[in-house]
Amino acid sequence: MAKPKVAFFDFSCCEGCQLMVLNCEPELLDIAGAVDIVNFREAISDRGEDYEIAFIEGSIITPHDVERIKKIRAKAKVLVALGACAHTGGLNKLRNFQDTEEAKKTVYGDAAKYFEVLPQVLAVHEVVPVDLVIPGCPINRFEFISVVKQVLAGTKPVLPNYPVCVECKLNENECLMLKGQICLGPITMAGCNSRCPNSQWPCTGCRGLVKNPHLEADQITLSKAGLTVQDILRRYRLFFGYSEVVK
Amino acid sequence: MASRTFEIRENYVTRVEGHANIWVEVKDGKLAGCKLELPESPRMFESFTRGREWWEMHWITARICGICNHSHQLTSLRATENALGIKVSDQTFKLRVLIDDAEQMESHILHVAYLVAPDLFKAKSALALAAVAPEVVKAALRLKRLANDMFLYLTGFEVHCMRMVPGGFTMYPTKEELKKLRQAFNDLEKDMMLIVDTVLSVADKLPGFTRETEYISIKHDKEFPFYDGLTYSSDTKKTYDNLEYETVVNEFVVPWSTCKRSKHKRDSFAVGALARCNNNSELLKTGLAAAVAKKFNFKTPCYNPFMNSVAQLVEYALCWERAKKYLDDFIRNGIEKETPVKPNFKVAGRGVGITEAPRGYLVHDYTYDKNGKCLKANCVIPTNLNTGNMEDDMKAIVPQLVDAGKSPEDIKFILEMLVRAYDPCFSCSVHLLEK
């Protein structure tokens, strides 16, 4: 059987998720042996245009990005959003809460006219259909390997439908909210093994909202902790910029 | 004789971080045009960080770049701490020096083994290289894992870590974890030497081109500096206060690039491993770093930009030795579980942090209000600083290559090697700030 042809494409992002793929050091040569990597600009010189599985990293920010992602979608049988920027738009979406022209001027001054951007930063699914998602900022390399295995085996990976708190409890962490910190674990999709609370850092929601989050309860809890509506919005907007809850 | 009139256009140079296009036009054997274009999409960090809070600025700005994320965090933390009157403990300072060394080690091995070495072996990637030299690639993978394990234990994660916060750390490694890391240095020493000797075996493939330029880096009189030092220019031979960095970097914009450029005493200047080694050469005279430099006959000042990869190996050796020493110290003396130093909002104002990212001089400059909210942010990114210099190198080397009768394909290959040599990180570089 021919090995499936796999391509990686980067759009607007920090490229940390591609780096997490390269950070699978013990597994990297095995992965490379199981598939035929035809396009991975950050790591290899070949640039094949014939592929079945496309991993997309980054958000859609310019008109050129829109054209490019449509072409990739037309060729790929399976299109995977790799990491928060592709999955939800990530924190690039913070720009959507500002005036685009003013933002450009702040960054580039009089040179702002050279930079053509979409009025809103978009997640990949807002432009073309996405088949699979590997959430997180950055992704978790074990989840990446698991998704690759399942795609090769022809099964469909399932994302957890419970919040980070479940994993955090299993890890026997002391609740950060009880220690006076503001943690978005109660409304954020699990799958990261509560990576941030394990290091005593609150969840900031990088994997996106869990299905049917208890937003009302969360907002009451955050208000009781002394946060104003503006404070809560500022927290939510970091990674939930794609959702109605922040509008 | 090769054709004397041709055009080279290479869109999306591979094996670099981020996007860059090379364009060169030669007419009748003379250079008619030469540009390095950076078409990266603007993400506008400096705009959307306004209004964010002091405790999360390093968390957000780390996302400027996944490759140098620890450098961005370290620099951001220094800026926030300077702006809010936070003085960190000696232990925090030392842990950060160790983490910064791990950052250089991770990035340098990625650059030398994955991105540069394939050129020297005429392979298309490290994976292709694995087919002909599996032991070398496996050694590089183990060394990269070592740096990533240092991140896991010291900072909580490989990319966009959680434990470093303004004033200190949220958590610390256990003694067992420190011992495990220290043991790995013993186990992997032969891997490091294998990488050094492998690069040495093909070092004659590095082009012999030289062009003297101005070198900018931080400088320190005792410890080879990544985390701590003062801005220094090889042209003026002077150090500059951190708050004066703008008088050195002088950013400006060119229409064909999303990335700002810089000049100081000449049309352009260089930052990165070569600049650091040239500016701090007296600190490379002993130990493993000196031994590696000697193997390559690497002498400072060095004006060959292709030698940046060798300078990275010299730095790698230095970090290797220093990290071992710091780990020994922490194992011997233990790590105190300090709580992070609190900010003093009464003094809130402007703070500048400057460190050396693996690819060079990095500045974060923040202004906070009295509630600890960011009013203004400016980040100066090493790859921006280098782009003018890369283009000037291209302008100097192309006529030499044309005169030597090189084909357009060979010239293109050497120009790609040149861009890679600078270890550019174009994904970072577009986040330039305007006042």
# chains A, B, ... in the order shown; residues from 1 in each chain; ligands from 1
call {"tool": "select_by_dssp", "arguments": {"residues": "region 167-298 of chain B", "states": "strand (DSSP E or B)", "output": "list in words"}}
result
Gly168, Phe169, Glu214, Tyr215, Ile216, Ser217, Ile218, Lys219, Leu230, Thr231, Tyr232, Ser233, Lys238, Thr239, Tyr240, Glu251, Phe252, Ser257, Arg261, Ser262, Phe269 and Ala270 of chain B
call {"tool": "interface_residues", "arguments": {"of": "chain A", "to": "chain B", "cutoff": "7 Å", "atoms": "only C-alpha atoms", "output": "list in words"}}
result
Ser12, Cys14, Glu15, Gly16, Leu19, Glu25, Arg41, Glu42, Ala43, Ile44, Ser45, Asp46, Ile61, Thr62, Asn92, Leu94, Arg95, Ala103, Thr106, Val107, Tyr108, Gly109, Ala111, Tyr114, Pro138, Cys196, Ser199, Gln200 and Trp201 of chain A
call {"tool": "select_by_dssp", "arguments": {"residues": "region 127-183 of chain A", "states": "alpha helix (DSSP H)", "output": "PyMOL selection string"}}
result
chain A and resi 141-153+164-170
call {"tool": "write_last_selection", "arguments": {"atoms": "N, CA and C atoms", "output": "PDB file, in the first residue's frame"}}
result
ATOM      1  N   ARG A 141       1.904  17.249  21.825  1.00  0.00           N
ATOM      2  CA  ARG A 141       2.471  16.351  20.810  1.00  0.00           C
ATOM      3  C   ARG A 141       1.864  14.948  20.869  1.00  0.00           C
ATOM      4  N   PHE A 142       1.408  14.536  22.065  1.00  0.00           N
ATOM      5  CA  PHE A 142       0.811  13.203  22.166  1.00  0.00           C
ATOM      6  C   PHE A 142      -0.535  13.159  21.448  1.00  0.00           C
ATOM      7  N   GLU A 143      -1.256  14.258  21.520  1.00  0.00           N
ATOM      8  CA  GLU A 143      -2.531  14.332  20.806  1.00  0.00           C
ATOM      9  C   GLU A 143      -2.272  14.322  19.296  1.00  0.00           C
ATOM     10  N   PHE A 144      -1.225  15.011  18.866  1.00  0.00           N
ATOM     11  CA  PHE A 144      -0.872  15.012  17.444  1.00  0.00           C
ATOM     12  C   PHE A 144      -0.589  13.590  16.967  1.00  0.00           C
ATOM     13  N   ILE A 145       0.241  12.875  17.729  1.00  0.00           N
ATOM     14  CA  ILE A 145       0.592  11.506  17.331  1.00  0.00           C
ATOM     15  C   ILE A 145      -0.654  10.623  17.298  1.00  0.00           C
ATOM     16  N   SER A 146      -1.528  10.803  18.293  1.00  0.00           N
ATOM     17  CA  SER A 146      -2.752  10.010  18.350  1.00  0.00           C
ATOM     18  C   SER A 146      -3.640  10.286  17.128  1.00  0.00           C
ATOM     19  N   VAL A 147      -3.762  11.553  16.743  1.00  0.00           N
ATOM     20  CA  VAL A 147      -4.593  11.892  15.581  1.00  0.00           C
ATOM     21  C   VAL A 147      -3.977  11.297  14.305  1.00  0.00           C
ATOM     22  N   VAL A 148      -2.665  11.396  14.171  1.00  0.00           N
ATOM     23  CA  VAL A 148      -2.013  10.830  12.982  1.00  0.00           C
ATOM     24  C   VAL A 148      -2.302   9.334  12.893  1.00  0.00           C
ATOM     25  N   LYS A 149      -2.164   8.639  14.024  1.00  0.00           N
ATOM     26  CA  LYS A 149      -2.405   7.181  14.032  1.00  0.00           C
ATOM     27  C   LYS A 149      -3.839   6.877  13.626  1.00  0.00           C
ATOM     28  N   GLN A 150      -4.783   7.657  14.170  1.00  0.00           N
ATOM     29  CA  GLN A 150      -6.190   7.370  13.876  1.00  0.00           C
ATOM     30  C   GLN A 150      -6.524   7.658  12.416  1.00  0.00           C
ATOM     31  N   VAL A 151      -5.949   8.733  11.881  1.00  0.00           N
ATOM     32  CA  VAL A 151      -6.204   9.031  10.469  1.00  0.00           C
ATOM     33  C   VAL A 151      -5.646   7.896   9.604  1.00  0.00           C
ATOM     34  N   LEU A 152      -4.455   7.411   9.952  1.00  0.00           N
ATOM     35  CA  LEU A 152      -3.859   6.319   9.181  1.00  0.00           C
ATOM     36  C   LEU A 152      -4.690   5.044   9.312  1.00  0.00           C
ATOM     37  N   ALA A 153      -5.285   4.849  10.481  1.00  0.00           N
ATOM     38  CA  ALA A 153      -6.091   3.643  10.705  1.00  0.00           C
ATOM     39  C   ALA A 153      -7.503   3.794  10.155  1.00  0.00           C
ATOM     40  N   VAL A 164     -11.628  21.109  31.298  1.00  0.00           N
ATOM     41  CA  VAL A 164     -10.275  20.890  31.823  1.00  0.00           C
ATOM     42  C   VAL A 164     -10.320  20.469  33.295  1.00  0.00           C
ATOM     43  N   CYS A 165     -11.333  20.954  34.041  1.00  0.00           N
ATOM     44  CA  CYS A 165     -11.438  20.630  35.472  1.00  0.00           C
ATOM     45  C   CYS A 165     -11.408  19.119  35.716  1.00  0.00           C
ATOM     46  N   VAL A 166     -11.992  18.347  34.804  1.00  0.00           N
ATOM     47  CA  VAL A 166     -12.031  16.898  34.994  1.00  0.00           C
ATOM     48  C   VAL A 166     -10.602  16.348  35.056  1.00  0.00           C
ATOM     49  N   GLU A 167      -9.795  16.764  34.083  1.00  0.00           N
ATOM     50  CA  GLU A 167      -8.402  16.285  34.075  1.00  0.00           C
ATOM     51  C   GLU A 167      -7.627  16.843  35.270  1.00  0.00           C
ATOM     52  N   CYS A 168      -7.928  18.085  35.620  1.00  0.00           N
ATOM     53  CA  CYS A 168      -7.232  18.745  36.727  1.00  0.00           C
ATOM     54  C   CYS A 168      -7.489  17.995  38.036  1.00  0.00           C
ATOM     55  N   LYS A 169      -8.762  17.564  38.226  1.00  0.00           N
ATOM     56  CA  LYS A 169      -9.097  16.793  39.437  1.00  0.00           C
ATOM     57  C   LYS A 169      -8.357  15.455  39.424  1.00  0.00           C
ATOM     58  N   LEU A 170      -8.346  14.800  38.255  1.00  0.00           N
ATOM     59  CA  LEU A 170      -7.646  13.512  38.168  1.00  0.00           C
ATOM     60  C   LEU A 170      -6.165  13.667  38.494  1.00  0.00           C
TER      61      LEU A 170
END
call {"tool": "atom_distance", "arguments": {"atom1": "CA of Leu209 (chain A)", "atom2": "CA of Phe240 (chain A)"}}
result
7.1 Å
call {"tool": "residues_around", "arguments": {"residues": "region 228-231 of chain B", "least_positions_apart": "3", "cutoff": "10 Å", "atoms": "only C-alpha atoms", "output": "list in words"}}
result
Thr75, Arg78, Phe93, Arg96, Val97, Ile216, Ser217, Ile218, Lys219, His220, Asp221, Lys222, Glu223, Phe224, Pro225, Lys238, Thr239, Tyr240, Asp241, Asn242, Leu243, Glu244, Tyr245, Val248, Gly353, Ile354, Thr355, Glu356 and Tyr361 of chain B
call {"tool": "write_last_selection", "arguments": {"atoms": "N, CA and C atoms", "output": "mmCIF file, in the first residue's frame"}}
result
data_model
loop_
_atom_site.group_PDB
_atom_site.id
_atom_site.type_symbol
_atom_site.label_atom_id
_atom_site.label_comp_id
_atom_site.auth_asym_id
_atom_site.auth_seq_id
_atom_site.Cartn_x
_atom_site.Cartn_y
_atom_site.Cartn_z
ATOM 1 N N THR B 75 12.419 38.193 27.908
ATOM 2 C CA THR B 75 12.587 39.608 27.599
ATOM 3 C C THR B 75 11.374 40.398 28.082
ATOM 4 N N ARG B 78 11.417 40.853 31.808
ATOM 5 C CA ARG B 78 12.353 41.906 32.226
ATOM 6 C C ARG B 78 11.745 43.282 32.013
ATOM 7 N N PHE B 93 17.143 34.885 39.030
ATOM 8 C CA PHE B 93 18.068 35.337 37.991
ATOM 9 C C PHE B 93 18.861 34.149 37.437
ATOM 10 N N ARG B 96 16.801 31.753 35.382
ATOM 11 C CA ARG B 96 16.508 32.295 34.053
ATOM 12 C C ARG B 96 17.721 32.218 33.130
ATOM 13 N N VAL B 97 18.920 32.418 33.691
ATOM 14 C CA VAL B 97 20.127 32.252 32.869
ATOM 15 C C VAL B 97 20.187 30.825 32.333
ATOM 16 N N ILE B 216 25.954 44.252 16.403
ATOM 17 C CA ILE B 216 25.257 44.751 17.593
ATOM 18 C C ILE B 216 24.808 43.551 18.436
ATOM 19 N N SER B 217 25.113 43.604 19.709
ATOM 20 C CA SER B 217 24.632 42.559 20.624
ATOM 21 C C SER B 217 24.673 43.156 22.014
ATOM 22 N N ILE B 218 24.240 42.376 23.007
ATOM 23 C CA ILE B 218 24.530 42.824 24.356
ATOM 24 C C ILE B 218 25.921 42.332 24.732
ATOM 25 N N LYS B 219 26.490 42.983 25.744
ATOM 26 C CA LYS B 219 27.861 42.665 26.154
ATOM 27 C C LYS B 219 27.901 42.595 27.670
ATOM 28 N N HIS B 220 28.723 41.703 28.163
ATOM 29 C CA HIS B 220 28.868 41.543 29.610
ATOM 30 C C HIS B 220 30.343 41.289 29.876
ATOM 31 N N ASP B 221 30.846 41.757 31.029
ATOM 32 C CA ASP B 221 32.296 41.578 31.212
ATOM 33 C C ASP B 221 32.664 40.268 31.903
ATOM 34 N N LYS B 222 31.668 39.544 32.483
ATOM 35 C CA LYS B 222 32.041 38.306 33.178
ATOM 36 C C LYS B 222 31.447 37.044 32.560
ATOM 37 N N GLU B 223 30.135 37.083 32.296
ATOM 38 C CA GLU B 223 29.438 35.887 31.803
ATOM 39 C C GLU B 223 29.022 36.117 30.357
ATOM 40 N N PHE B 224 29.292 35.172 29.481
ATOM 41 C CA PHE B 224 28.856 35.324 28.096
ATOM 42 C C PHE B 224 27.346 35.577 28.103
ATOM 43 N N PRO B 225 26.897 36.699 27.508
ATOM 44 C CA PRO B 225 25.536 37.161 27.778
ATOM 45 C C PRO B 225 24.474 36.693 26.788
ATOM 46 N N LYS B 238 31.197 51.101 22.036
ATOM 47 C CA LYS B 238 30.589 51.691 23.233
ATOM 48 C C LYS B 238 29.412 50.843 23.677
ATOM 49 N N THR B 239 29.115 50.896 24.988
ATOM 50 C CA THR B 239 27.876 50.297 25.469
ATOM 51 C C THR B 239 26.837 51.407 25.638
ATOM 52 N N TYR B 240 25.565 50.994 25.538
ATOM 53 C CA TYR B 240 24.451 51.941 25.626
ATOM 54 C C TYR B 240 23.478 51.448 26.681
ATOM 55 N N ASP B 241 22.908 52.403 27.405
ATOM 56 C CA ASP B 241 21.891 52.056 28.387
ATOM 57 C C ASP B 241 20.677 51.451 27.684
ATOM 58 N N ASN B 242 20.010 50.510 28.367
ATOM 59 C CA ASN B 242 18.841 49.860 27.766
ATOM 60 C C ASN B 242 17.798 50.859 27.276
ATOM 61 N N LEU B 243 17.565 51.915 28.048
ATOM 62 C CA LEU B 243 16.517 52.871 27.674
ATOM 63 C C LEU B 243 16.881 53.656 26.413
ATOM 64 N N GLU B 244 18.151 53.579 26.007
ATOM 65 C CA GLU B 244 18.596 54.312 24.806
ATOM 66 C C GLU B 244 18.598 53.435 23.561
ATOM 67 N N TYR B 245 17.991 52.246 23.626
ATOM 68 C CA TYR B 245 18.140 51.303 22.510
ATOM 69 C C TYR B 245 17.702 51.888 21.167
ATOM 70 N N VAL B 248 20.169 53.221 18.816
ATOM 71 C CA VAL B 248 21.005 52.232 18.130
ATOM 72 C C VAL B 248 20.237 51.559 16.994
ATOM 73 N N GLY B 353 13.123 45.647 28.390
ATOM 74 C CA GLY B 353 13.861 44.407 28.600
ATOM 75 C C GLY B 353 14.651 44.101 27.340
ATOM 76 N N ILE B 354 15.939 43.802 27.494
ATOM 77 C CA ILE B 354 16.749 43.433 26.332
ATOM 78 C C ILE B 354 17.501 42.150 26.655
ATOM 79 N N THR B 355 17.344 41.145 25.805
ATOM 80 C CA THR B 355 18.138 39.919 25.940
ATOM 81 C C THR B 355 18.588 39.507 24.539
ATOM 82 N N GLU B 356 19.316 38.402 24.482
ATOM 83 C CA GLU B 356 19.720 37.854 23.197
ATOM 84 C C GLU B 356 18.864 36.619 22.904
ATOM 85 N N TYR B 361 19.710 40.132 19.105
ATOM 86 C CA TYR B 361 19.277 41.204 20.004
ATOM 87 C C TYR B 361 17.760 41.403 19.976
#
call {"tool": "atom_distance", "arguments": {"atom1": "CA of Leu84 (chain B)", "atom2": "CA of Phe345 (chain B)"}}
result
6.0 Å
call {"tool": "atom_distance", "arguments": {"atom1": "CA of Phe11 (chain A)", "atom2": "CA of Ile60 (chain A)"}}
result
6.6 Å
call {"tool": "residues_around", "arguments": {"residues": "His264 (chain B)", "least_positions_apart": "5", "cutoff": "8 Å", "atoms": "only C-alpha atoms", "output": "list of chain:residue names"}}
result
B:Thr247, B:Val248, B:Val249, B:Asn250, B:Phe269
call {"tool": "write_last_selection", "arguments": {"atoms": "N, CA and C atoms", "output": "JSON list (two decimals), in the first residue's frame"}}
result
[["chain", "number", "residue", "atom", "x", "y", "z"],
["B", 247, "THR", "N", 18.23, 54.71, 19.90],
["B", 247, "THR", "CA", 19.29, 55.45, 19.20],
["B", 247, "THR", "C", 20.21, 54.49, 18.46],
["B", 248, "VAL", "N", 20.17, 53.22, 18.82],
["B", 248, "VAL", "CA", 21.00, 52.23, 18.13],
["B", 248, "VAL", "C", 20.24, 51.56, 16.99],
["B", 249, "VAL", "N", 18.98, 51.17, 17.25],
["B", 249, "VAL", "CA", 18.31, 50.35, 16.23],
["B", 249, "VAL", "C", 17.65, 51.15, 15.11],
["B", 250, "ASN", "N", 17.22, 52.39, 15.37],
["B", 250, "ASN", "CA", 16.70, 53.26, 14.30],
["B", 250, "ASN", "C", 15.89, 52.54, 13.24],
["B", 269, "PHE", "N", 23.29, 46.62, 9.92],
["B", 269, "PHE", "CA", 24.17, 45.94, 10.87],
["B", 269, "PHE", "C", 23.66, 44.52, 11.10]]
call {"tool": "residues_around", "arguments": {"residues": "Ala293 (chain B)", "least_positions_apart": "6", "cutoff": "12 Å", "atoms": "only C-alpha atoms", "output": "list of chain:residue names"}}
result
B:Val196, B:Asp197, B:Leu200, B:Leu274, B:Cys277, B:Ser281, B:Leu284, B:Lys285, B:Thr286, B:Gly287, B:Lys299, B:Thr300, B:Cys302, B:Met307, B:Asn308, B:Ser309, B:Val310, B:Ala311, B:Gln312, B:Leu313, B:Val314, B:Glu315, B:Tyr316, B:Ala317, B:Leu318
call {"tool": "decode", "arguments": {"residues": "region 16-39 of chain A", "atoms": "N, CA and C atoms", "output": "JSON list (two decimals), in the first residue's frame"}}
result
[["chain", "number", "residue", "atom", "x", "y", "z"],
["A", 16, "GLY", "N", 4.71, 27.68, 16.37],
["A", 16, "GLY", "CA", 5.02, 26.83, 17.54],
["A", 16, "GLY", "C", 4.39, 25.45, 17.43],
["A", 17, "CYS", "N", 3.28, 25.32, 16.70],
["A", 17, "CYS", "CA", 2.64, 24.00, 16.58],
["A", 17, "CYS", "C", 3.44, 23.11, 15.63],
["A", 18, "GLN", "N", 3.99, 23.70, 14.56],
["A", 18, "GLN", "CA", 4.91, 22.92, 13.71],
["A", 18, "GLN", "C", 6.12, 22.50, 14.53],
["A", 19, "LEU", "N", 6.57, 23.42, 15.40],
["A", 19, "LEU", "CA", 7.72, 23.08, 16.24],
["A", 19, "LEU", "C", 7.36, 21.93, 17.17],
["A", 20, "MET", "N", 6.12, 21.92, 17.69],
["A", 20, "MET", "CA", 5.70, 20.80, 18.54],
["A", 20, "MET", "C", 5.72, 19.49, 17.76],
["A", 21, "VAL", "N", 5.44, 19.55, 16.46],
["A", 21, "VAL", "CA", 5.56, 18.34, 15.64],
["A", 21, "VAL", "C", 7.04, 17.90, 15.60],
["A", 22, "LEU", "N", 7.93, 18.86, 15.37],
["A", 22, "LEU", "CA", 9.36, 18.54, 15.36],
["A", 22, "LEU", "C", 9.84, 18.12, 16.75],
["A", 23, "ASN", "N", 9.10, 18.56, 17.78],
["A", 23, "ASN", "CA", 9.47, 18.20, 19.15],
["A", 23, "ASN", "C", 9.08, 16.77, 19.52],
["A", 24, "CYS", "N", 8.44, 16.05, 18.60],
["A", 24, "CYS", "CA", 8.17, 14.62, 18.84],
["A", 24, "CYS", "C", 9.46, 13.87, 18.55],
["A", 25, "GLU", "N", 10.54, 14.21, 19.24],
["A", 25, "GLU", "CA", 11.84, 13.65, 18.86],
["A", 25, "GLU", "C", 11.86, 12.12, 18.84],
["A", 26, "PRO", "N", 11.34, 11.44, 19.88],
["A", 26, "PRO", "CA", 11.46, 9.98, 19.87],
["A", 26, "PRO", "C", 10.64, 9.33, 18.75],
["A", 27, "GLU", "N", 9.59, 10.02, 18.29],
["A", 27, "GLU", "CA", 8.67, 9.41, 17.33],
["A", 27, "GLU", "C", 8.86, 9.93, 15.91],
["A", 28, "LEU", "N", 9.66, 10.98, 15.76],
["A", 28, "LEU", "CA", 9.69, 11.70, 14.49],
["A", 28, "LEU", "C", 10.06, 10.81, 13.30],
["A", 29, "LEU", "N", 11.09, 10.00, 13.48],
["A", 29, "LEU", "CA", 11.53, 9.18, 12.35],
["A", 29, "LEU", "C", 10.51, 8.09, 12.04],
["A", 30, "ASP", "N", 9.77, 7.62, 13.08],
["A", 30, "ASP", "CA", 8.71, 6.64, 12.84],
["A", 30, "ASP", "C", 7.56, 7.26, 12.07],
["A", 31, "ILE", "N", 7.18, 8.47, 12.47],
["A", 31, "ILE", "CA", 6.10, 9.16, 11.76],
["A", 31, "ILE", "C", 6.51, 9.35, 10.30],
["A", 32, "ALA", "N", 7.74, 9.83, 10.14],
["A", 32, "ALA", "CA", 8.22, 10.09, 8.78],
["A", 32, "ALA", "C", 8.30, 8.81, 7.96],
["A", 33, "GLY", "N", 8.41, 7.67, 8.66],
["A", 33, "GLY", "CA", 8.45, 6.40, 7.94],
["A", 33, "GLY", "C", 7.06, 5.90, 7.54],
["A", 34, "ALA", "N", 6.03, 6.34, 8.31],
["A", 34, "ALA", "CA", 4.68, 5.83, 8.07],
["A", 34, "ALA", "C", 3.94, 6.64, 7.00],
["A", 35, "VAL", "N", 4.40, 7.86, 6.79],
["A", 35, "VAL", "CA", 3.74, 8.71, 5.79],
["A", 35, "VAL", "C", 4.80, 9.27, 4.84],
["A", 36, "ASP", "N", 4.32, 9.88, 3.78],
["A", 36, "ASP", "CA", 5.22, 10.50, 2.82],
["A", 36, "ASP", "C", 5.00, 12.01, 2.96],
["A", 37, "ILE", "N", 5.94, 12.70, 3.63],
["A", 37, "ILE", "CA", 5.77, 14.14, 3.85],
["A", 37, "ILE", "C", 6.21, 14.87, 2.59],
["A", 38, "VAL", "N", 5.26, 15.47, 1.90],
["A", 38, "VAL", "CA", 5.60, 16.09, 0.61],
["A", 38, "VAL", "C", 5.78, 17.60, 0.72],
["A", 39, "ASN", "N", 5.35, 18.18, 1.83],
["A", 39, "ASN", "CA", 5.43, 19.63, 1.95],
["A", 39, "ASN", "C", 5.47, 19.99, 3.43]]
